[in-house]
Structure formats: C-alpha cells, structure tokens
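Below is one structure, written out as structure tokens; comments come after it.
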Amino acid sequence: MGTLLLEGLRKEYGEAVAVDRVDVEVKDGELVSLLGPSGCGKTTILRMVAGFIEPTAGHVMIAGQNMTRTPPYARQTGMVFQSYALFPHMSVAANVAFGLEMRKVGRAERDRRVVDVLKLVRLDRLADRLPRQLSGGQQQRVALARALVINPAVFLLDEPLSNLDAKLRADVRSEIRALQQRLGLTTLMVTHDQEEALTMSDRLVVMESGRVRQVGTAEELYENPADAFVADFVGRCNIIHGTIEGNALRSEGGILLPCNVEAAPGNASVLALRPERITVRPGSDSGGVLARLAAVLYLGAQTEYRLDLDGTILTAIRATPADNDAMRRVKTGDMVSVSWDTAAARLLPA
Amino acid sequence: MTSTRLAYRSSVAFAYVLMLMPVATVVLTSFFRDEFVSFPPSGLTLKWYTNAWSRHEFAGGFLISIQVALIATAIGVPLGTAAALALSRSDLSAKNAISTLLLGPLAVPGVVAGTALYLFYIKVENAVDLDIVGTLPALIGAHVLLTIPWTVRVVTASLQGLDRAAEEAAANLGARPWSVFRRVTLPMLRPGVVAACMFSFIQSFENLELTLLLVGPGKTTLPVAMLNYLEFRMDPTLAAVATVQILIVAALMLITDHFVKLSRVV
C-alpha cells in the first residue's frame with residue numbers, strides 16, 4: 001500500500017475549468033472521500049488519478065512516484081467503477097484473474113489468489129458464473145475482488161453504492177469500510193451521497209465547481225464548517241442571509257436572530273444554525289423568538305418543526321417528546337417560542 | 001377483434017406474402033417437369049437439379065463464388081472493423097467525410113462501380129504491364145469494396161452499445177492497449193463482427209452487377225453463370241440453382257442467428 005498525493009491539480013476543457021488547484025493527500029491506509037454535487041469535478045479527479053484523463057497542470061504522486069504522465073496500465077491503482085464494468089464474456093473467476101494475468105503471475109499462484117479473494121468477498125461458490133447471472137450486489141463484489149486481487153497501491157471507488165437498492169446499501173457500506181480497514185487500503189472514494197461519505201471516510205474533501213471548499217473529518221466538517229456551502233451540504237442546516245446588527249443578524253425578512261458575532265470571520269454574511277440546536281417550547285410566553293408552526297412532521301424517533309418567524313423560515317428537528325409533554329400536542333398553526341444557544345448560531349462567509 | 005387490429009394483421013400478412021411469393025415461386029418452379037414453365041405442371045421432377053449439377057459452369061461458378069466470398073470477407077471485415085473503430089474512437093476532423101466515403105459502395109449502382117473499376121484496372125494494367133482484368137485477385141478486390149460498407153455499419157452500431165468502462169477497467173488492471181483490444185473490446189464486439197461476416201459473405205456471394213464486367217474466362221461466379229445461361233435457355237435449371245442459393249443463404253442466417261441474435265445487432 002502507498003500514499004496518494006495530488007498537487008495543484010487542474011483540468012481545463014477549452015474555456016471551462018473542471019478542476020482547479022486541488023491539493024489532496026491520502027495517507028497510508030486512509031479512506032478519503034471527494035464529496036460534492038454532480039459536476040463539481042470529483043469524478044474528473046478520480047479519473048486523473050487512474051490515468052484516464054491527463055491533467056492540464058499539477059501532479060499525481062502515487063506511493064511517492066510522479067505518475068502524472070504514466071499510462072493507466074502502469075499506475076498500480078485498483079478501481080471499482082460505478083457501473084462495475086465487469087467483462088461480460090468472462091466468468092467471475094476469469095474477471096478476477098485478469099489483472100494477475102496481465103502481471104504475468106503464474107497459473108498456480110493466480111488460481112490460489114483468485115480463490116482467496118473470492119472467499120474474502122464471499123463469492124467463491126459463484127466463481128464459474130457469468131456476470132449477467134449475478135445480482136447487482138454480487139456483481140459489485142466481483143468488481144471489488146477484481147480490483148483488490150492485484151494489491152493496488154491506491155484503491156479507487158467511483159460512487160460504489162449508487163447502483164444498489166437502499167436496503168443493500170447500508171450493508172455494503174459497512175462491508176467495504178471493514179474490508180478497507182482490515183486490509184489497510186489507501187482509498188480515494190467519490191460520492192455525492194453525504195451519508196455515505198460521513199459514515200465511511202476518515203476524512204472528506206468537500207468540493208464545489210472544481211474547487212476544494214474544505215477538508216476534514218466528518219465531525220470537523222459538521223461542527224466547524226468553513227462556509228455556508230459546506231454547512232448546507234454536510235448534514236442539514238438553516239442558512240439565513242442578512243446583515244449583522246450588534247449581537248444578532250437581521251434576516252432579509254427583518255427578524256433579529258441572536259448569534260455568535262465574536263467568532264465570526266470578517267467576510268461573514270450568513271447565519272448557519274443546525275436544526276437539532278433549536279429549542280421549541282409551546283406557547284408564546286416561554287422566552288426567545290416568537291414563531292408560528294408552519295408544519296409539524298412526525299418522523300418516529302424525531303419530529304421536524306417548520307417555524308415561520310414572520311416570513312423567515314427555520315427548521316428544527318428534536319427528539320419526539322414524551323406522551324405527557326405539552327410539545328406533543330402542538331399542531332400546525334400554533335404559536336411557539338424558539339430559542340438557541342448563540343454559540344451554535346455561526347456566522348459564515350457565503 | 002376490432003377493425004383496426006384486423007386491418008393491421010391483414011397488412012402484415014400481405015407484406016409477408018409479397019416478400020415470400022417470389023421465393024416460393026422459384027422453389028416450386030424448380031420441381032416442374034415442363035421445359036417451358038406452365039401452370040399447372042404436367043408433373044414433378046428432380047431432373048433440373050441433376051442437370052444443374054452436371055453442367056460445369058454452375059458447379060465451377062459455385063466454387064468460384066464461395067472462394068471469392070470467403071476471401072473478400074476475410075479481407076473486408078478486418079478492414080471495415082478497423083475503420084469503424086477509427087471512426088467512432090478518434091477525433092479526426094474529416095470523420096464524416098470518411099464515413100460517407102466508406103458507405104459509398106452502397107450508394108453507387110453496381111454497374112457504375114463495376115465500369116469504374118474495369119476502367120481503373122485497364123489503366124493500371126497499362127501502367128504496370130500486368131494482367132489484372134479477369135483475374136481472381138481483381139475480382140476479390142472488387143468484392144472487398146462490397147463488404148466494407150456493411151461491416152462499417154454493423155460494427156459501428158455494436159461499438160455504440162459497448163461499455164467503454166469495461167475497456168478502462170482492463171487498462172486499470174494492467175492491460176496495454178493491444179491486450180485491451182484483444183481480450184475485451186473484440187470479444188464484446190463479437191456479435192457485430194459475426195453479423196458483419198455474414199452480411200459480407202452474402203453481399204459478395206450473390207453480387208451480379210459489379211461482377212459482370214470483371215469476370216474472366218473460366219472464372220465466372222455463380223450469378224454471372226446464371227445470367228449467361230438465361231441468354232440461351234429458359235428451363236427450370238435456373239430455378240433449381242436459385243433454390244440451392246436460397247438454401248445456402250437461409251442456412252447461413254439461421255446458423256449465425258444461433259450464435260448471435262441478429263435482431264439485436266442490426
């Protein structure tokens with residue numbers, strides 16, 4: 001296993017800049033996710049690492065070697081494609097053996113390693129099947145086995161769960177993560193699914209329009225977002241535009257919202273407040289800001305409240321109150337009191 | 001049954017009758033005993049088949065046709081496949097022009113193409129002082145032209161349905177470009193290439209117009225031999241030969257369809 005280092009990576013398509021000044025480091029055995037909306041350049045980066053796209057500028061260093069101009073077949077990366085990209089005319093075993101054959105590994109060793117890796121992904125009994133005879137989840141495990149068997153220096157995952165149904169997704173997610181940790185695979189993953197990224201990654205790179213917005217652990221990004229885009233993209237967040245007035249932000253709707261002005265960066269213009277940090281109390285005389293309940297959504301363990309602060313809308317998500325709690329009986333149209341710890345209300349640049 | 005469904009079904013039936021009528025007529029006629037075809041026949045016979053077999057121009061023409069079709073297919077399909085790959089994969093600026101040029105032999109009437117080739121061969125003959133017109137290689141060269149448009153079309157269609165990610169996966173696993181092509185691209189194109197072989201063979205095997213001017217003495221193909229025979233006689237021998245031809249083409253299509261579903265390729 002090795003490390004992956006991207007330095008000043010840039011890709012232009014004519015006038016358009018798909019990827020701009022991207023620096024990312026994936027340490028030995030670490031899983032780093034590129035997270036962002038579609039079109040943010042994350043897939044382009046992955047393809048530049050694999051060697052399918054040549055960068056306009058910058059370097060791709062794999063295990064300390066500059067591989068920027070190295071053709072894909074000599075890069076020692078193991079990629080799992082979004083569509084799995086299995087060879088339809090080859091059996092499961094032949095698919096997995098392909099990389100070893102290309103490396104001129106002898107017959108006996110090849111067979112042994114194929115059996116081992118198929119056992120690892122629990123497909124050893126399906127070795128003679130053709131890809132089209134397998135379910136989506138099984139096909140994906142073949143793709144994993146095929147990329148793993150060559151002991152790649154860097155493991156690349158392109159939206160690995162996007163073609164699986166929701167129920168299977170959670171299982172496969174923890175399975176891939178467990179495998180990655182057990183084998184100590186240096187991994188770069190691309191995803192647009194924040195839950196996938198948050199639960200699987202050691203660190204995340206949040207991207208937008210070809211640029212890196214923030215790099216950090218799931219907790220750092222959630223608790224300490226660098227800007228409104230990251231706050232909004234990672235987890236749910238109330239984002240309110242306005243102007244700073246004293247110790248509060250005056251929303252465009254004209255409501256004063258108390259917030260943490262001291263900690264705000266100079267270019268801050270947006271209030272970011274997580275829904276679970278908002279306290280909602282029944283009645284209009286409990287202190288805090290007065291709001292009308294625009295909607296109450298019962299989600300089981302949690303309840304979501306849409307709060308209308310005279311035109312400024314906030315969303316609060318709280319644990320569903322106990323049966324004897326007065327909050328249990330509030331309904332759409334009721335007036336409530338809304339408050340929050342000012343430390344949780346961050347001012348961020350847009 | 002509603003009247004629209006009835007109308008639909010009867011028009012489908014009518015189309016089938018229209019297509020199969022000539023074939024059925026030829027096959028039936030080949031068994032009629034009378035030298036001049038009349039209906040109803042005075043009796044049925046197999047003598048036209050034995051007559052066809054005993055006449056060396058048909059047996060010889062058949063062998064020449066098979067030989068020419070096989071060699072032209074063996075040359076034309078690899079060339080056409082390579083052209084289809086180049087056209088769909090590269091970003092040549094003259095792509096459209098080249099593609100039109102390659103499909104050209106389909107658009108030019110066979111007699112025109114035959115005449116052009118004949119004149120071209122004469123010019124080359126004069127320039128290099130070698131016999132060309134009427135030789136087997138010259139004929140095969142002409143038939144290669146027939147196989148290319150079909151191959152380019154069929155293989156291009158299969159290329160469009162091919163998952164490029166599988167090729168990238170092969171490269172990612174350490175395969176150099178030639179290995180990617182041999183181990184992944186070509187096997188995935190197999191249905192298209194097999195269909196191209198079949199169409200090319202049939203195009204060459206039954207071509208008359210282009211061939212007419214290019215055959216030499218003793219090197220007549222089967223369709224040309226049939227036309228020559230028709231100039232002097234009108235008996236059902238030709239129907240017998242045509243029936244054998246129909247059987248060969250039908251068998252070829254059935255065998256091909258067994259390996260690749262033609263309806264999916266074309």
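Here, A, B, ... name the chains of the structure tokens in the order displayed, residue numbers run from 1 inside each chain, and ligands are numbered from 1 in the same displayed order.
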- Return as a VMD selection string the full set of residues in region 34-222 of chain A whose backbone-based DSSP assignment is helix (DSSP H, G or I). chain A and resid 42 to 50 72 to 74 92 to 102 107 to 120 124 to 126 131 to 133 136 to 148 166 to 183 194 to 200 218 to 222
- What's the 6 Å shell around region 134-150 of chain A, counting only C-alpha atoms, without same-chain residues fewer than 4 positions away, as a PyMOL selection string? chain A and resi 78-80+84+96+117
Would you write out, as CSV, a table of all residues in region 144-216 of chain B that have an atom no more than 12 Å from an atom of region 111-117 of chain B, listing for each the closest atom pair and the distance in Å to one decimal, considering only C-alpha atoms and ordering rows by chain and rising residue number?
```
residue,atom,partner,partner_atom,distance
B:Leu145,CA,B:Ala113,CA,9.7
B:Leu146,CA,B:Ala113,CA,10.2
B:Asn207,CA,B:Val111,CA,10.7
B:Leu208,CA,B:Val111,CA,8.8
B:Glu209,CA,B:Val111,CA,5.0
B:Leu210,CA,B:Gly114,CA,4.3
B:Thr211,CA,B:Gly114,CA,6.6
B:Leu212,CA,B:Gly114,CA,7.4
B:Leu213,CA,B:Gly114,CA,6.2
B:Leu214,CA,B:Gly114,CA,7.1
B:Val215,CA,B:Gly114,CA,10.5
```
Can you write just those residues out, C-alpha atoms, as a short mmCIF file (atom, residue, chain, number, x, y, z; two decimals), in the first residue's frame?
```cif
data_model
loop_
_atom_site.label_atom_id
_atom_site.label_comp_id
_atom_site.auth_asym_id
_atom_site.auth_seq_id
_atom_site.Cartn_x
_atom_site.Cartn_y
_atom_site.Cartn_z
CA LEU B 145 -15.43 -3.00 -51.63
CA LEU B 146 -18.84 -4.63 -51.21
CA ASN B 207 -23.48 -9.98 -56.40
CA LEU B 208 -24.12 -9.71 -60.12
CA GLU B 209 -23.90 -6.11 -61.32
CA LEU B 210 -20.43 -5.21 -60.06
CA THR B 211 -19.04 -8.64 -61.02
CA LEU B 212 -20.40 -8.70 -64.56
CA LEU B 213 -17.60 -6.68 -66.13
CA LEU B 214 -14.80 -8.10 -64.04
CA VAL B 215 -15.02 -11.86 -64.55
#
```
- Message: Give me, as a PyMOL selection string, all polymer residues having an atom no more than 12 Å from Leu31 (chain A), counting only C-alpha atoms and skipping those fewer than 5 positions away in the same chain.
- Response: chain A and resi 3-4+24-26+154-157+176-181+183-190+197-205+216-217
Mind running chain B against chain A at 8 Å and telling me each contacting residue's nearest atom pair with the distance in Å (one decimal), counting only C-alpha atoms, chain and number ascending, as a tab-separated table?
```
residue	atom	partner	partner_atom	distance
B:Asp163	CA	A:Ala85	CA	7.4
B:Ala165	CA	A:Ala85	CA	5.3
B:Ala166	CA	A:Ala85	CA	4.5
B:Glu168	CA	A:Phe52	CA	7.5
B:Ala169	CA	A:Ala85	CA	6.5
B:Ala170	CA	A:Gly99	CA	7.7
B:Ala171	CA	A:Tyr73	CA	4.9
B:Asn172	CA	A:Tyr73	CA	5.3
B:Leu173	CA	A:Gly99	CA	4.6
B:Gly174	CA	A:Tyr73	CA	3.9
B:Ala175	CA	A:Tyr73	CA	5.6
B:Arg176	CA	A:Tyr73	CA	6.1
B:Val184	CA	A:Phe87	CA	6.9
B:Pro187	CA	A:His89	CA	7.0
B:Met188	CA	A:His89	CA	7.0
```
Any chance you could export the current selection's N, CA and C atoms as a PDB file, in the first residue's frame?
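File written: result.pdb
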```
ATOM      1  N   ASP B 163     -19.805  -0.814 -23.600  1.00  0.00           N
ATOM      2  CA  ASP B 163     -19.494  -0.089 -22.371  1.00  0.00           C
ATOM      3  C   ASP B 163     -17.996   0.223 -22.317  1.00  0.00           C
ATOM      4  N   ALA B 165     -16.399   1.611 -20.090  1.00  0.00           N
ATOM      5  CA  ALA B 165     -15.848   1.396 -18.752  1.00  0.00           C
ATOM      6  C   ALA B 165     -15.153   0.037 -18.656  1.00  0.00           C
ATOM      7  N   ALA B 166     -15.656  -0.965 -19.389  1.00  0.00           N
ATOM      8  CA  ALA B 166     -15.004  -2.290 -19.343  1.00  0.00           C
ATOM      9  C   ALA B 166     -13.584  -2.193 -19.903  1.00  0.00           C
ATOM     10  N   GLU B 168     -11.762   0.553 -19.872  1.00  0.00           N
ATOM     11  CA  GLU B 168     -10.983   1.286 -18.874  1.00  0.00           C
ATOM     12  C   GLU B 168     -10.600   0.372 -17.719  1.00  0.00           C
ATOM     13  N   ALA B 169     -11.540  -0.500 -17.330  1.00  0.00           N
ATOM     14  CA  ALA B 169     -11.252  -1.434 -16.241  1.00  0.00           C
ATOM     15  C   ALA B 169     -10.067  -2.327 -16.623  1.00  0.00           C
ATOM     16  N   ALA B 170     -10.042  -2.780 -17.875  1.00  0.00           N
ATOM     17  CA  ALA B 170      -8.941  -3.629 -18.324  1.00  0.00           C
ATOM     18  C   ALA B 170      -7.613  -2.872 -18.249  1.00  0.00           C
ATOM     19  N   ALA B 171      -7.615  -1.618 -18.705  1.00  0.00           N
ATOM     20  CA  ALA B 171      -6.394  -0.800 -18.643  1.00  0.00           C
ATOM     21  C   ALA B 171      -5.977  -0.598 -17.193  1.00  0.00           C
ATOM     22  N   ASN B 172      -6.965  -0.340 -16.345  1.00  0.00           N
ATOM     23  CA  ASN B 172      -6.697  -0.142 -14.922  1.00  0.00           C
ATOM     24  C   ASN B 172      -6.059  -1.380 -14.292  1.00  0.00           C
ATOM     25  N   LEU B 173      -6.432  -2.560 -14.816  1.00  0.00           N
ATOM     26  CA  LEU B 173      -5.896  -3.811 -14.271  1.00  0.00           C
ATOM     27  C   LEU B 173      -4.542  -4.177 -14.878  1.00  0.00           C
ATOM     28  N   GLY B 174      -4.017  -3.295 -15.725  1.00  0.00           N
ATOM     29  CA  GLY B 174      -2.662  -3.513 -16.224  1.00  0.00           C
ATOM     30  C   GLY B 174      -2.568  -3.929 -17.683  1.00  0.00           C
ATOM     31  N   ALA B 175      -3.690  -3.910 -18.416  1.00  0.00           N
ATOM     32  CA  ALA B 175      -3.653  -4.326 -19.813  1.00  0.00           C
ATOM     33  C   ALA B 175      -3.198  -3.168 -20.702  1.00  0.00           C
ATOM     34  N   ARG B 176      -2.187  -3.440 -21.543  1.00  0.00           N
ATOM     35  CA  ARG B 176      -1.767  -2.441 -22.514  1.00  0.00           C
ATOM     36  C   ARG B 176      -2.819  -2.362 -23.618  1.00  0.00           C
ATOM     37  N   VAL B 184     -10.753  -7.679 -24.462  1.00  0.00           N
ATOM     38  CA  VAL B 184     -12.021  -7.100 -24.003  1.00  0.00           C
ATOM     39  C   VAL B 184     -12.849  -6.523 -25.155  1.00  0.00           C
ATOM     40  N   PRO B 187     -13.846  -9.323 -28.048  1.00  0.00           N
ATOM     41  CA  PRO B 187     -14.884 -10.258 -27.615  1.00  0.00           C
ATOM     42  C   PRO B 187     -16.245  -9.593 -27.400  1.00  0.00           C
ATOM     43  N   MET B 188     -16.232  -8.339 -26.935  1.00  0.00           N
ATOM     44  CA  MET B 188     -17.515  -7.668 -26.725  1.00  0.00           C
ATOM     45  C   MET B 188     -18.147  -7.271 -28.055  1.00  0.00           C
TER      46      MET B 188
END
```
- Message: For a test of reading the model, state the distance in Å between CA of Gly311 (chain A) and CA of Gly253 (chain A), rounded to one decimal.
- Response: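 Straight-line distance from CA of Gly311 (chain A) to CA of Gly253 (chain A) works out to 5.7 Å.
With only C-alpha atoms as the atoms that count, the minimum distance from Ser38 (chain A) to the choices A:Glu245, A:Asp193, A:Asp285, A:Glu12 is reached by A:Asp193.
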- Message: Set the distance at 6 Å and use only C-alpha atoms: which residues neighbour Gly288 (chain A) once local chain neighbours fewer than 4 positions away are removed? I'd like the list as number ranges by chain.
- Response: A: 337-339
Keeping only C-alpha atoms, write the selected residues as a short mmCIF file (atom, residue, chain, number, x, y, z; two decimals), in the first residue's frame.
```cif
data_model
loop_
_atom_site.label_atom_id
_atom_site.label_comp_id
_atom_site.auth_asym_id
_atom_site.auth_seq_id
_atom_site.Cartn_x
_atom_site.Cartn_y
_atom_site.Cartn_z
CA SER A 337 -41.25 30.12 21.42
CA VAL A 338 -37.98 29.42 19.65
CA SER A 339 -34.51 29.77 21.17
#
```
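The closest residue to Lys95 (chain B), picked from B:Arg5, B:Ala83, B:Ile140, B:Leu44 and counting only C-alpha atoms, is B:Ala83.
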- Val37 (chain B) environment, 12 Å, only C-alpha atoms, sequence neighbours closer than 2 positions dropped, as a list in words: Thr25, Val26, Leu28, Thr29, Ser30, Phe31, Phe32, Arg33, Asp34, Glu35, Phe39, Pro40, Pro41, Ser42, Gly43, Leu44, Arg233, Met234, Asp235, Pro236, Thr237, Leu238 and Ala239 of chain B
Go ahead and write the residues just picked, N, CA and C atoms, as a short mmCIF file (atom, residue, chain, number, x, y, z; two decimals), in the first residue's frame.
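See part06.cif below for the written result:
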```cif
data_model
loop_
_atom_site.label_atom_id
_atom_site.label_comp_id
_atom_site.auth_asym_id
_atom_site.auth_seq_id
_atom_site.Cartn_x
_atom_site.Cartn_y
_atom_site.Cartn_z
N THR B 25 -42.30 -19.12 -55.50
CA THR B 25 -42.48 -19.41 -56.92
C THR B 25 -41.24 -20.09 -57.50
N VAL B 26 -40.07 -19.52 -57.14
CA VAL B 26 -38.82 -20.08 -57.67
C VAL B 26 -38.65 -21.52 -57.19
N LEU B 28 -40.90 -23.67 -56.16
CA LEU B 28 -41.89 -24.56 -56.79
C LEU B 28 -41.51 -24.88 -58.23
N THR B 29 -41.16 -23.83 -58.98
CA THR B 29 -40.85 -23.99 -60.40
C THR B 29 -39.73 -25.00 -60.62
N SER B 30 -38.78 -25.03 -59.65
CA SER B 30 -37.62 -25.90 -59.85
C SER B 30 -38.02 -27.37 -59.90
N PHE B 31 -39.23 -27.70 -59.43
CA PHE B 31 -39.67 -29.10 -59.47
C PHE B 31 -40.60 -29.41 -60.65
N PHE B 32 -40.94 -28.38 -61.45
CA PHE B 32 -41.87 -28.59 -62.58
C PHE B 32 -41.17 -29.37 -63.68
N ARG B 33 -41.92 -30.30 -64.32
CA ARG B 33 -41.29 -31.18 -65.31
C ARG B 33 -41.11 -30.48 -66.66
N ASP B 34 -42.03 -29.58 -67.00
CA ASP B 34 -42.01 -28.98 -68.34
C ASP B 34 -40.84 -28.04 -68.52
N GLU B 35 -40.27 -28.05 -69.75
CA GLU B 35 -39.14 -27.18 -70.04
C GLU B 35 -39.56 -25.72 -70.04
N PHE B 39 -48.55 -23.55 -65.87
CA PHE B 39 -49.29 -23.92 -64.67
C PHE B 39 -50.67 -24.44 -65.05
N PRO B 40 -51.14 -25.53 -64.51
CA PRO B 40 -50.41 -26.45 -63.62
C PRO B 40 -49.39 -27.27 -64.39
N PRO B 41 -48.33 -27.73 -63.74
CA PRO B 41 -47.30 -28.51 -64.43
C PRO B 41 -47.82 -29.89 -64.78
N SER B 42 -47.23 -30.49 -65.80
CA SER B 42 -47.67 -31.82 -66.20
C SER B 42 -47.14 -32.88 -65.25
N GLY B 43 -46.15 -32.50 -64.39
CA GLY B 43 -45.63 -33.45 -63.42
C GLY B 43 -44.47 -32.84 -62.68
N LEU B 44 -43.99 -33.55 -61.67
CA LEU B 44 -42.88 -33.04 -60.86
C LEU B 44 -41.63 -33.88 -61.10
N ARG B 233 -31.34 -20.24 -72.68
CA ARG B 233 -32.38 -21.19 -72.31
C ARG B 233 -33.24 -20.63 -71.19
N MET B 234 -34.47 -21.13 -71.12
CA MET B 234 -35.40 -20.62 -70.12
C MET B 234 -35.93 -21.74 -69.22
N ASP B 235 -35.27 -22.93 -69.21
CA ASP B 235 -35.84 -24.05 -68.47
C ASP B 235 -35.62 -23.90 -66.96
N PRO B 236 -36.29 -24.71 -66.12
CA PRO B 236 -36.23 -24.54 -64.66
C PRO B 236 -34.88 -24.87 -64.02
N THR B 237 -33.82 -25.16 -64.83
CA THR B 237 -32.50 -25.38 -64.24
C THR B 237 -32.11 -24.20 -63.36
N LEU B 238 -32.40 -22.99 -63.86
CA LEU B 238 -32.05 -21.80 -63.09
C LEU B 238 -32.79 -21.75 -61.77
N ALA B 239 -34.06 -22.16 -61.80
CA ALA B 239 -34.84 -22.18 -60.56
C ALA B 239 -34.20 -23.14 -59.57
#
```
- Excluding same-chain residues fewer than 3 positions from Glu262 (chain A), what lies within 10 Å of it counting only C-alpha atoms, as a ChimeraX atom specification? /A:247,259,265,343,346-347
